[in-house]
>>> print(open('input36.cif').read())   # mmCIF, C-alpha atoms
data_final
loop_
_atom_site.label_atom_id
_atom_site.label_comp_id
_atom_site.auth_asym_id
_atom_site.auth_seq_id
_atom_site.Cartn_x
_atom_site.Cartn_y
_atom_site.Cartn_z
CA LEU A 21 -19.29 -5.61 17.60
CA VAL A 22 -17.28 -2.55 16.60
CA VAL A 23 -16.69 -1.99 12.89
CA ALA A 24 -13.76 0.23 11.98
CA ARG A 25 -14.65 2.64 9.21
CA MET A 26 -12.11 4.22 6.86
CA PRO A 27 -12.47 8.02 6.74
CA PHE A 28 -13.97 9.25 3.46
CA THR A 29 -10.89 11.27 2.55
CA GLN A 30 -8.60 8.27 3.12
CA LEU A 31 -10.91 6.05 1.06
CA ALA A 32 -10.94 8.56 -1.78
CA GLY A 33 -7.15 8.74 -1.69
CA ALA A 34 -6.84 4.96 -1.91
CA SER A 35 -9.23 4.85 -4.86
CA ALA A 36 -7.27 7.55 -6.65
CA ALA A 37 -4.03 5.61 -6.13
CA ALA A 38 -5.60 2.43 -7.48
CA LYS A 39 -6.82 4.26 -10.58
CA ALA A 40 -3.38 5.74 -11.14
CA LEU A 41 -1.85 2.26 -11.19
CA ALA A 42 -4.53 0.78 -13.43
CA PRO A 43 -3.82 0.73 -17.19
CA THR A 44 -5.79 3.32 -19.12
CA ALA A 45 -7.68 2.51 -22.30
CA CYS A 46 -5.70 3.30 -25.43
CA THR A 47 -7.36 5.37 -28.13
CA THR A 48 -4.44 4.72 -30.49
CA ILE A 49 -1.77 2.02 -30.34
CA GLU A 50 1.75 2.27 -31.75
CA GLU A 51 1.88 -0.74 -34.04
CA VAL A 52 4.53 -2.30 -36.23
CA GLY A 53 5.02 -0.54 -39.57
CA SER A 54 5.89 -1.78 -43.05
CA THR A 55 9.58 -2.13 -42.19
CA GLY A 56 8.74 -4.32 -39.23
CA VAL A 57 6.33 -6.41 -41.30
CA GLY A 58 9.09 -6.92 -43.85
CA ALA A 59 11.42 -8.09 -41.09
CA LEU A 60 8.79 -10.51 -39.78
CA THR A 61 8.33 -11.89 -43.31
CA LEU A 62 12.07 -12.37 -43.75
CA GLY A 63 12.32 -14.04 -40.34
CA PHE A 64 9.43 -16.37 -41.10
CA LEU A 65 10.88 -17.45 -44.47
CA ALA A 66 14.41 -17.95 -43.12
CA LEU A 67 13.19 -20.03 -40.20
CA ALA A 68 10.71 -22.03 -42.27
CA VAL A 69 13.36 -22.97 -44.86
CA SER A 70 15.79 -23.86 -42.07
CA THR A 71 13.17 -26.10 -40.47
CA VAL A 72 12.69 -28.02 -43.73
CA VAL A 73 16.46 -28.41 -44.14
CA MET A 74 16.83 -29.71 -40.59
CA VAL A 75 14.02 -32.23 -41.10
CA ALA A 76 15.75 -33.47 -44.27
CA LYS A 77 19.10 -33.75 -42.49
CA ALA A 78 17.52 -35.64 -39.58
CA ALA A 79 15.85 -38.09 -41.95
CA SER A 80 19.15 -39.03 -43.58
CA ALA A 81 21.41 -38.94 -40.52
CA ASP A 82 22.48 -41.80 -38.27
CA ALA A 83 21.30 -42.01 -34.67
CA GLU A 84 24.29 -40.15 -33.21
CA ARG A 85 23.91 -37.15 -35.52
CA ARG A 86 20.12 -37.22 -35.69
CA LYS A 87 19.69 -35.90 -32.15
CA TYR A 88 21.37 -32.61 -33.09
CA TYR A 89 19.16 -32.18 -36.15
CA PHE A 90 16.01 -33.00 -34.20
CA VAL A 91 16.83 -30.29 -31.68
CA ASN A 92 17.62 -27.84 -34.50
CA THR A 93 14.33 -28.76 -36.19
CA PHE A 94 12.32 -27.76 -33.13
CA ILE A 95 14.41 -24.62 -32.55
CA CYS A 96 13.63 -23.36 -36.05
CA GLY A 97 10.13 -24.86 -36.11
CA VAL A 98 8.89 -23.20 -32.92
CA ALA A 99 10.36 -19.87 -34.03
CA THR A 100 8.65 -20.29 -37.43
CA PHE A 101 5.27 -20.65 -35.71
CA SER A 102 6.00 -17.58 -33.60
CA TYR A 103 6.89 -15.45 -36.62
CA PHE A 104 3.85 -16.66 -38.53
CA ALA A 105 1.65 -15.66 -35.58
CA MET A 106 3.19 -12.18 -35.38
CA LEU A 107 3.03 -11.76 -39.16
CA SER A 108 -0.65 -12.76 -39.09
CA GLY A 109 -1.50 -10.14 -36.47
CA GLN A 110 -1.74 -12.64 -33.63
CA GLY A 111 0.16 -13.07 -30.39
CA TRP A 112 0.23 -9.43 -29.31
CA THR A 113 -1.42 -7.05 -26.88
CA ALA A 114 -1.08 -3.40 -25.86
CA ILE A 115 1.14 -2.57 -22.89
CA ALA A 116 1.70 0.59 -20.84
CA GLY A 117 2.28 3.55 -23.14
CA CYS A 118 -0.18 2.12 -25.71
CA ARG A 119 2.57 0.18 -27.42
CA GLN A 120 2.15 -3.07 -29.37
CA PHE A 121 3.79 -5.95 -27.51
CA PHE A 122 4.34 -9.35 -29.13
CA TYR A 123 4.02 -11.88 -26.32
CA ALA A 124 4.29 -14.67 -28.92
CA ARG A 125 8.00 -13.88 -29.00
CA TYR A 126 8.35 -14.78 -25.32
CA ILE A 127 6.60 -18.11 -25.82
CA ASP A 128 9.09 -18.75 -28.63
CA TRP A 129 12.07 -17.78 -26.47
CA MET A 130 10.89 -19.86 -23.52
CA ILE A 131 11.12 -22.99 -25.71
CA THR A 132 13.88 -22.22 -28.20
CA THR A 133 16.47 -20.84 -25.78
CA ALA A 134 16.06 -24.00 -23.69
CA LEU A 135 16.61 -26.10 -26.83
CA LEU A 136 19.66 -24.04 -27.78
CA ILE A 137 21.15 -24.77 -24.35
CA LEU A 138 20.33 -28.45 -24.83
CA ASP A 139 22.09 -28.39 -28.21
CA LEU A 140 25.16 -26.75 -26.69
CA GLY A 141 25.12 -29.28 -23.87
CA LEU A 142 24.97 -32.20 -26.31
CA VAL A 143 27.92 -30.85 -28.29
CA ALA A 144 29.89 -30.31 -25.08
CA GLY A 145 28.99 -33.74 -23.70
CA GLN A 146 27.62 -32.10 -20.55
CA ASP A 147 25.64 -34.15 -18.03
CA PHE A 148 21.88 -33.68 -18.17
CA VAL A 149 21.57 -32.49 -14.56
CA THR A 150 23.77 -29.48 -15.31
CA ILE A 151 21.98 -28.87 -18.61
CA ALA A 152 18.62 -28.93 -16.77
CA ALA A 153 19.90 -26.46 -14.16
CA VAL A 154 21.05 -24.01 -16.84
CA ILE A 155 17.72 -24.37 -18.67
CA GLY A 156 15.91 -23.65 -15.40
CA ALA A 157 17.83 -20.38 -14.96
CA ASP A 158 17.12 -19.55 -18.60
CA ILE A 159 13.34 -20.05 -18.15
CA LEU A 160 13.35 -17.80 -15.09
CA MET A 161 15.25 -15.19 -17.13
CA ILE A 162 12.66 -15.22 -19.94
CA THR A 163 9.80 -15.13 -17.42
CA ALA A 164 11.30 -12.09 -15.71
CA GLY A 165 11.69 -10.35 -19.08
CA TYR A 166 8.04 -10.96 -19.90
CA MET A 167 6.80 -9.79 -16.50
CA GLY A 168 8.91 -6.65 -16.78
CA ALA A 169 7.55 -5.90 -20.23
CA VAL A 170 3.90 -6.07 -19.12
CA SER A 171 4.42 -4.29 -15.80
CA VAL A 172 2.42 -1.09 -15.36
CA VAL A 173 4.39 0.23 -12.37
CA THR A 174 7.83 1.48 -13.42
CA THR A 175 9.59 0.36 -10.23
CA VAL A 176 8.22 -3.15 -10.61
CA LYS A 177 9.34 -3.22 -14.26
CA TRP A 178 12.94 -2.51 -13.33
CA PHE A 179 12.92 -5.02 -10.47
CA TRP A 180 11.85 -7.67 -12.99
CA PHE A 181 14.67 -6.56 -15.29
CA LEU A 182 17.19 -6.97 -12.47
CA PHE A 183 15.77 -10.41 -11.64
CA GLY A 184 16.17 -11.40 -15.30
CA MET A 185 19.78 -10.21 -15.43
CA ALA A 186 20.51 -12.10 -12.22
CA MET A 187 19.44 -15.28 -14.06
CA PHE A 188 21.21 -14.26 -17.27
CA LEU A 189 24.67 -14.17 -15.67
CA PRO A 190 24.80 -17.83 -14.52
CA VAL A 191 23.51 -18.93 -17.94
CA ILE A 192 26.33 -17.08 -19.70
CA TYR A 193 28.88 -18.31 -17.17
CA SER A 194 27.80 -21.91 -17.73
CA LEU A 195 28.12 -21.62 -21.51
CA ALA A 196 31.48 -19.83 -21.34
CA ARG A 197 33.06 -21.86 -18.55
CA THR A 198 31.24 -24.96 -17.32
CA PHE A 199 30.27 -26.44 -20.69
CA ARG A 200 33.61 -25.49 -22.21
CA GLU A 201 35.57 -27.26 -19.47
CA THR A 202 33.50 -30.38 -20.15
CA VAL A 203 34.08 -30.38 -23.91
CA ILE A 204 37.84 -29.95 -23.36
CA THR A 205 37.89 -33.22 -21.39
CA ARG A 206 36.67 -35.02 -24.52
CA LYS A 207 40.04 -34.33 -26.16
CA ASP A 208 38.34 -34.03 -29.54
CA PRO A 209 39.77 -30.96 -31.34
CA GLU A 210 36.91 -30.78 -33.85
CA MET A 211 34.19 -30.81 -31.18
CA ILE A 212 36.13 -28.32 -29.05
CA GLU A 213 36.38 -26.00 -32.05
CA LEU A 214 32.69 -26.45 -32.92
CA TYR A 215 31.59 -25.78 -29.35
CA GLY A 216 33.78 -22.67 -29.18
CA LYS A 217 32.17 -21.25 -32.33
CA ILE A 218 28.51 -21.90 -31.47
CA ALA A 219 28.93 -21.01 -27.79
CA TRP A 220 30.48 -17.62 -28.48
CA LEU A 221 27.95 -16.94 -31.21
CA THR A 222 25.21 -17.61 -28.65
CA ILE A 223 26.84 -15.58 -25.89
CA ILE A 224 27.42 -12.55 -28.12
CA MET A 225 23.94 -12.62 -29.67
CA TRP A 226 22.17 -13.19 -26.34
CA SER A 227 24.04 -10.25 -24.84
CA PHE A 228 22.30 -7.92 -27.32
CA TYR A 229 18.77 -9.01 -26.32
CA PRO A 230 18.78 -7.13 -22.97
CA VAL A 231 20.01 -4.02 -24.78
CA VAL A 232 17.09 -4.14 -27.24
CA TRP A 233 14.73 -4.84 -24.31
CA LEU A 234 16.03 -1.79 -22.43
CA PHE A 235 15.20 0.60 -25.27
CA SER A 236 12.01 -1.18 -26.37
CA GLU A 237 9.97 -2.75 -23.58
CA GLY A 238 11.99 -0.78 -21.01
CA PHE A 239 12.34 2.91 -21.96
CA ALA A 240 10.19 2.63 -25.12
CA SER A 241 12.81 4.68 -26.98
CA PHE A 242 12.82 2.41 -30.04
CA SER A 243 9.81 2.33 -32.33
CA VAL A 244 7.90 -0.95 -32.53
CA SER A 245 9.21 -1.49 -36.06
CA PHE A 246 12.83 -0.93 -35.01
CA GLU A 247 12.32 -3.32 -32.09
CA VAL A 248 10.93 -5.98 -34.45
CA VAL A 249 13.82 -5.54 -36.90
CA ALA A 250 16.42 -5.79 -34.11
CA TYR A 251 14.88 -8.90 -32.56
CA THR A 252 14.49 -10.53 -35.99
CA ILE A 253 18.17 -10.06 -36.82
CA LEU A 254 19.17 -11.52 -33.46
CA ASP A 255 16.76 -14.45 -33.86
CA ILE A 256 18.00 -15.33 -37.35
CA ILE A 257 21.65 -15.29 -36.29
CA SER A 258 21.14 -17.09 -32.98
CA LYS A 259 18.89 -19.79 -34.47
CA VAL A 260 19.41 -20.15 -38.24
CA VAL A 261 23.15 -19.43 -38.36
CA PHE A 262 23.63 -21.54 -35.21
CA SER A 263 21.81 -24.50 -36.78
CA PHE A 264 23.76 -24.36 -40.03
CA MET A 265 27.06 -24.12 -38.14
CA ILE A 266 26.18 -27.49 -36.61
CA VAL A 267 25.20 -28.86 -40.04
CA SER A 268 28.54 -27.74 -41.46
CA SER A 269 30.29 -29.87 -38.82
CA HIS A 270 28.36 -33.01 -39.77
CA ASP A 271 31.43 -35.28 -39.73
CA SER A 272 32.49 -34.11 -36.27
CA LEU A 273 29.11 -34.90 -34.75
CA GLY A 274 29.71 -38.65 -35.00
CA SER A 275 32.16 -38.53 -32.11
CA SER A 276 31.11 -40.15 -28.88
CA SER A 277 29.52 -37.77 -26.40
CA ALA A 278 31.30 -39.37 -23.47
CA PRO A 279 34.52 -37.84 -22.18
CA ALA A 280 37.65 -39.48 -23.43
CA VAL A 281 39.09 -42.17 -21.12
CA GLN A 282 42.83 -42.25 -20.76
CA SER A 283 44.28 -45.63 -21.64
CA ARG A 284 46.45 -47.34 -19.03
CA GLU A 285 49.20 -49.86 -19.43
CA TYR A 286 49.65 -52.50 -16.75
CA VAL A 287 52.92 -54.33 -16.31
#
>>> encode(input="input36.cif", output="structure tokens")
Amino acid sequence: LVVARMPFTQLAGASAAAKALAPTACTTIEEVGSTGVGALTLGFLALAVSTVVMVAKAASADAERRKYYFVNTFICGVATFSYFAMLSGQGWTAIAGCRQFFYARYIDWMITTALLILDLGLVAGQDFVTIAAVIGADILMITAGYMGAVSVVTTVKWFWFLFGMAMFLPVIYSLARTFRETVITRKDPEMIELYGKIAWLTIIMWSFYPVVWLFSEGFASFSVSFEVVAYTILDIISKVVFSFMIVSSHDSLGSSSAPAVQSREYV
């Protein structure tokens, strides 16, 4: 039996490479400051109040409208839990560069972005197979963002970012084109107008998230506090404002979710 032995110099080189890739212990960690804590507090209060309002609206709504308020309740509710965790000093770890990283935010996004797509699909009257496909791409997008954020190797980080953007594009296309074409077939001007407003709000707000990621988890150019403030503003607009836009269209939500059927006259 012949056993191949690695030369000592080659073994030492491999060990050195492994140590270079391994995360080093942080003596100090860049953590969120008072401005960031203030933003987390504001986000928590805004989302908590919105959750209570959505529960109240769901309790008094009929079955057709209640489904929208239930979805909005869980959108704001899950985000409320996330912000409470971050505000309480939970749901974070240190990543490369000894920077505080709130992974609780990604758990929030994994659930709430899927629910936002479901809400948009319900308003549009989209079939559930298409909604599920868009949600699947969305989950892959969030997963790629998380993996990129915690990556130690720079090349791997940017590959994950590219994977996430590859999933982001079909999500945006579906909201801007596929869902919109479906809602137009309903021939309900109020629902078409509502979908147009909440869809473009979502598309515009979601387009800013990769930009914040680039300069926070990506290049680490933004401070942790600035990152928290930016994400909080985006979360409040994309969740709280979104939910209240649906509430403001309460009367329109009673329309049937099925596409309009053209009447025919037989002679």
>>> residues_near_point(input="input36.cif", point="(7.1, -7.5, -18.1)", cutoff="9 Å", atoms="all atoms listed in the file", output="list in words")
Thr163, Ala164, Gly165, Tyr166, Met167, Gly168, Ala169, Val170, Ser171, Val172, Val176, Lys177, Trp180, Phe181, Glu237 and Gly238 of chain A
>>> write_last_selection(input="input36.cif", atoms="C-alpha atoms", output="JSON list (two decimals), in the frame of the given file")
[["chain", "number", "residue", "atom", "x", "y", "z"],
["A", 163, "THR", "CA", 9.80, -15.13, -17.42],
["A", 164, "ALA", "CA", 11.30, -12.09, -15.71],
["A", 165, "GLY", "CA", 11.69, -10.35, -19.08],
["A", 166, "TYR", "CA", 8.04, -10.96, -19.90],
["A", 167, "MET", "CA", 6.80, -9.79, -16.50],
["A", 168, "GLY", "CA", 8.91, -6.65, -16.78],
["A", 169, "ALA", "CA", 7.55, -5.90, -20.23],
["A", 170, "VAL", "CA", 3.90, -6.07, -19.12],
["A", 171, "SER", "CA", 4.42, -4.29, -15.80],
["A", 172, "VAL", "CA", 2.42, -1.09, -15.36],
["A", 176, "VAL", "CA", 8.22, -3.15, -10.61],
["A", 177, "LYS", "CA", 9.34, -3.22, -14.26],
["A", 180, "TRP", "CA", 11.85, -7.67, -12.99],
["A", 181, "PHE", "CA", 14.67, -6.56, -15.29],
["A", 237, "GLU", "CA", 9.97, -2.75, -23.58],
["A", 238, "GLY", "CA", 11.99, -0.78, -21.01]]
>>> residues_near_point(input="input36.cif", point="(18.6, -25.0, -20.2)", cutoff="12 Å", atoms="all atoms listed in the file", output="PyMOL selection string")
chain A and resi 129-142+146-162+187-188+190-192+194-195+199
>>> residues_around(input="input36.cif", residues="segment 215-224 of chain A", least_positions_apart="2", cutoff="9 Å", atoms="all atoms listed in the file", output="list in words")
Leu136, Leu140, Val143, Ala144, Ile192, Leu195, Ala196, Phe199, Arg200, Val203, Glu210, Met211, Ile212, Glu213, Trp226, Ser227, Phe228, Ile257, Ser258, Lys259, Val261, Phe262, Ser263, Met265 and Ile266 of chain A
>>> atom_distance(input="input36.cif", atom1="atom CA of Gly53 of chain A", atom2="atom CA of Phe242 of chain A")
12.7 Å
>>> closest_residue(input="input36.cif", among="A:Thr174, A:Ser243, A:Thr93, A:Thr61", to="Ala76 of chain A", atoms="only C-alpha atoms")
A:Thr93
>>> resolve_selection(input="input36.cif", expression="the PyMOL selection byres ((chain A and resi 103-109) around 12)", output="ChimeraX atom specification")
/A:51-54,56-68,96-102,110-113,120-129,248,251-252,255-256
>>> closest_residue(input="input36.cif", among="A:Val267, A:Leu254, A:Ile49, A:Ala81", to="Val232 of chain A", atoms="all atoms listed in the file")
A:Leu254
>>> axis_aligned_box(input="input36.cif", around="segment 89-107 of chain A", padding_each_side="3 Å", output="AutoDock Vina command-line options")
--center_x 10.4 --center_y -22.4 --center_z -35.4 --size_x 23.5 --size_y 27.2 --size_z 13.5
>>> closest_residue(input="input36.cif", among="A:Lys77, A:Gly145, A:His270, A:Phe239", to="Arg206 of chain A", atoms="only C-alpha atoms")
A:Gly145
>>> atom_distance(input="input36.cif", atom1="atom CA of Trp178 of chain A", atom2="atom CA of Arg119 of chain A")
17.7 Å
>>> atom_distance(input="input36.cif", atom1="atom CA of Val231 of chain A", atom2="atom CA of Ile253 of chain A")
13.6 Å
>>> build_atoms(input="input36.cif", residues="segment 214-225 of chain A", atoms="all heavy atoms", output="PDB file, keeping the file's coordinate frame")
ATOM      1  N   LEU A 214      34.101 -26.683 -32.632  1.00  0.00           N
ATOM      2  CA  LEU A 214      32.690 -26.450 -32.920  1.00  0.00           C
ATOM      3  C   LEU A 214      31.995 -25.811 -31.724  1.00  0.00           C
ATOM      4  O   LEU A 214      31.250 -24.831 -31.879  1.00  0.00           O
ATOM      5  CB  LEU A 214      31.997 -27.768 -33.282  1.00  0.00           C
ATOM      6  CG  LEU A 214      30.465 -27.700 -33.421  1.00  0.00           C
ATOM      7  CD1 LEU A 214      30.071 -26.737 -34.534  1.00  0.00           C
ATOM      8  CD2 LEU A 214      29.879 -29.093 -33.661  1.00  0.00           C
ATOM      9  N   TYR A 215      32.242 -26.343 -30.528  1.00  0.00           N
ATOM     10  CA  TYR A 215      31.590 -25.780 -29.350  1.00  0.00           C
ATOM     11  C   TYR A 215      32.003 -24.320 -29.157  1.00  0.00           C
ATOM     12  O   TYR A 215      31.159 -23.468 -28.842  1.00  0.00           O
ATOM     13  CB  TYR A 215      31.922 -26.566 -28.081  1.00  0.00           C
ATOM     14  CG  TYR A 215      31.247 -25.940 -26.886  1.00  0.00           C
ATOM     15  CD1 TYR A 215      29.907 -26.184 -26.624  1.00  0.00           C
ATOM     16  CD2 TYR A 215      31.920 -25.027 -26.064  1.00  0.00           C
ATOM     17  CE1 TYR A 215      29.246 -25.552 -25.581  1.00  0.00           C
ATOM     18  CE2 TYR A 215      31.277 -24.395 -25.012  1.00  0.00           C
ATOM     19  CZ  TYR A 215      29.944 -24.662 -24.772  1.00  0.00           C
ATOM     20  OH  TYR A 215      29.292 -24.021 -23.750  1.00  0.00           O
ATOM     21  N   GLY A 216      33.304 -24.049 -29.337  1.00  0.00           N
ATOM     22  CA  GLY A 216      33.780 -22.670 -29.180  1.00  0.00           C
ATOM     23  C   GLY A 216      33.055 -21.707 -30.109  1.00  0.00           C
ATOM     24  O   GLY A 216      32.657 -20.605 -29.703  1.00  0.00           O
ATOM     25  N   LYS A 217      32.833 -22.129 -31.348  1.00  0.00           N
ATOM     26  CA  LYS A 217      32.170 -21.250 -32.330  1.00  0.00           C
ATOM     27  C   LYS A 217      30.710 -20.997 -31.965  1.00  0.00           C
ATOM     28  O   LYS A 217      30.261 -19.853 -31.918  1.00  0.00           O
ATOM     29  CB  LYS A 217      32.262 -21.872 -33.723  1.00  0.00           C
ATOM     30  CG  LYS A 217      33.662 -21.879 -34.327  1.00  0.00           C
ATOM     31  CD  LYS A 217      33.650 -22.562 -35.692  1.00  0.00           C
ATOM     32  CE  LYS A 217      35.027 -22.556 -36.318  1.00  0.00           C
ATOM     33  NZ  LYS A 217      35.038 -23.260 -37.641  1.00  0.00           N
ATOM     34  N   ILE A 218      29.952 -22.078 -31.713  1.00  0.00           N
ATOM     35  CA  ILE A 218      28.510 -21.900 -31.470  1.00  0.00           C
ATOM     36  C   ILE A 218      28.238 -21.301 -30.094  1.00  0.00           C
ATOM     37  O   ILE A 218      27.254 -20.580 -29.903  1.00  0.00           O
ATOM     38  CB  ILE A 218      27.735 -23.221 -31.664  1.00  0.00           C
ATOM     39  CG1 ILE A 218      28.223 -24.298 -30.706  1.00  0.00           C
ATOM     40  CG2 ILE A 218      27.835 -23.684 -33.109  1.00  0.00           C
ATOM     41  CD1 ILE A 218      27.420 -25.606 -30.817  1.00  0.00           C
ATOM     42  N   ALA A 219      29.130 -21.579 -29.134  1.00  0.00           N
ATOM     43  CA  ALA A 219      28.930 -21.010 -27.790  1.00  0.00           C
ATOM     44  C   ALA A 219      29.145 -19.503 -27.810  1.00  0.00           C
ATOM     45  O   ALA A 219      28.341 -18.747 -27.254  1.00  0.00           O
ATOM     46  CB  ALA A 219      29.871 -21.672 -26.791  1.00  0.00           C
ATOM     47  N   TRP A 220      30.215 -19.055 -28.458  1.00  0.00           N
ATOM     48  CA  TRP A 220      30.480 -17.620 -28.480  1.00  0.00           C
ATOM     49  C   TRP A 220      29.500 -16.887 -29.364  1.00  0.00           C
ATOM     50  O   TRP A 220      29.142 -15.732 -29.081  1.00  0.00           O
ATOM     51  CB  TRP A 220      31.928 -17.345 -28.891  1.00  0.00           C
ATOM     52  CG  TRP A 220      32.855 -17.572 -27.748  1.00  0.00           C
ATOM     53  CD1 TRP A 220      33.767 -18.578 -27.588  1.00  0.00           C
ATOM     54  CD2 TRP A 220      32.923 -16.788 -26.546  1.00  0.00           C
ATOM     55  NE1 TRP A 220      34.398 -18.471 -26.372  1.00  0.00           N
ATOM     56  CE2 TRP A 220      33.906 -17.377 -25.711  1.00  0.00           C
ATOM     57  CE3 TRP A 220      32.256 -15.648 -26.090  1.00  0.00           C
ATOM     58  CZ2 TRP A 220      34.228 -16.862 -24.458  1.00  0.00           C
ATOM     59  CZ3 TRP A 220      32.579 -15.129 -24.839  1.00  0.00           C
ATOM     60  CH2 TRP A 220      33.562 -15.740 -24.044  1.00  0.00           C
ATOM     61  N   LEU A 221      29.018 -17.542 -30.425  1.00  0.00           N
ATOM     62  CA  LEU A 221      27.950 -16.940 -31.210  1.00  0.00           C
ATOM     63  C   LEU A 221      26.727 -16.705 -30.326  1.00  0.00           C
ATOM     64  O   LEU A 221      26.121 -15.621 -30.347  1.00  0.00           O
ATOM     65  CB  LEU A 221      27.574 -17.844 -32.389  1.00  0.00           C
ATOM     66  CG  LEU A 221      26.363 -17.393 -33.208  1.00  0.00           C
ATOM     67  CD1 LEU A 221      26.740 -16.202 -34.090  1.00  0.00           C
ATOM     68  CD2 LEU A 221      25.817 -18.529 -34.065  1.00  0.00           C
ATOM     69  N   THR A 222      26.371 -17.714 -29.540  1.00  0.00           N
ATOM     70  CA  THR A 222      25.210 -17.610 -28.650  1.00  0.00           C
ATOM     71  C   THR A 222      25.418 -16.546 -27.586  1.00  0.00           C
ATOM     72  O   THR A 222      24.529 -15.721 -27.334  1.00  0.00           O
ATOM     73  CB  THR A 222      24.935 -18.969 -27.983  1.00  0.00           C
ATOM     74  OG1 THR A 222      24.706 -19.963 -28.993  1.00  0.00           O
ATOM     75  CG2 THR A 222      23.724 -18.899 -27.063  1.00  0.00           C
ATOM     76  N   ILE A 223      26.570 -16.542 -26.952  1.00  0.00           N
ATOM     77  CA  ILE A 223      26.840 -15.580 -25.890  1.00  0.00           C
ATOM     78  C   ILE A 223      26.778 -14.144 -26.410  1.00  0.00           C
ATOM     79  O   ILE A 223      26.163 -13.262 -25.796  1.00  0.00           O
ATOM     80  CB  ILE A 223      28.218 -15.857 -25.255  1.00  0.00           C
ATOM     81  CG1 ILE A 223      28.180 -17.178 -24.468  1.00  0.00           C
ATOM     82  CG2 ILE A 223      28.648 -14.707 -24.341  1.00  0.00           C
ATOM     83  CD1 ILE A 223      29.541 -17.681 -24.029  1.00  0.00           C
ATOM     84  N   ILE A 224      27.395 -13.910 -27.556  1.00  0.00           N
ATOM     85  CA  ILE A 224      27.420 -12.550 -28.120  1.00  0.00           C
ATOM     86  C   ILE A 224      26.010 -12.107 -28.521  1.00  0.00           C
ATOM     87  O   ILE A 224      25.571 -10.994 -28.199  1.00  0.00           O
ATOM     88  CB  ILE A 224      28.384 -12.482 -29.320  1.00  0.00           C
ATOM     89  CG1 ILE A 224      29.832 -12.669 -28.839  1.00  0.00           C
ATOM     90  CG2 ILE A 224      28.236 -11.141 -30.044  1.00  0.00           C
ATOM     91  CD1 ILE A 224      30.838 -12.831 -29.958  1.00  0.00           C
ATOM     92  N   MET A 225      25.284 -12.984 -29.223  1.00  0.00           N
ATOM     93  CA  MET A 225      23.940 -12.620 -29.670  1.00  0.00           C
ATOM     94  C   MET A 225      22.996 -12.415 -28.478  1.00  0.00           C
ATOM     95  O   MET A 225      22.222 -11.466 -28.436  1.00  0.00           O
ATOM     96  CB  MET A 225      23.383 -13.699 -30.597  1.00  0.00           C
ATOM     97  CG  MET A 225      24.031 -13.752 -31.973  1.00  0.00           C
ATOM     98  SD  MET A 225      23.867 -12.193 -32.898  1.00  0.00           S
ATOM     99  CE  MET A 225      25.502 -11.486 -32.682  1.00  0.00           C
TER     100      MET A 225
END
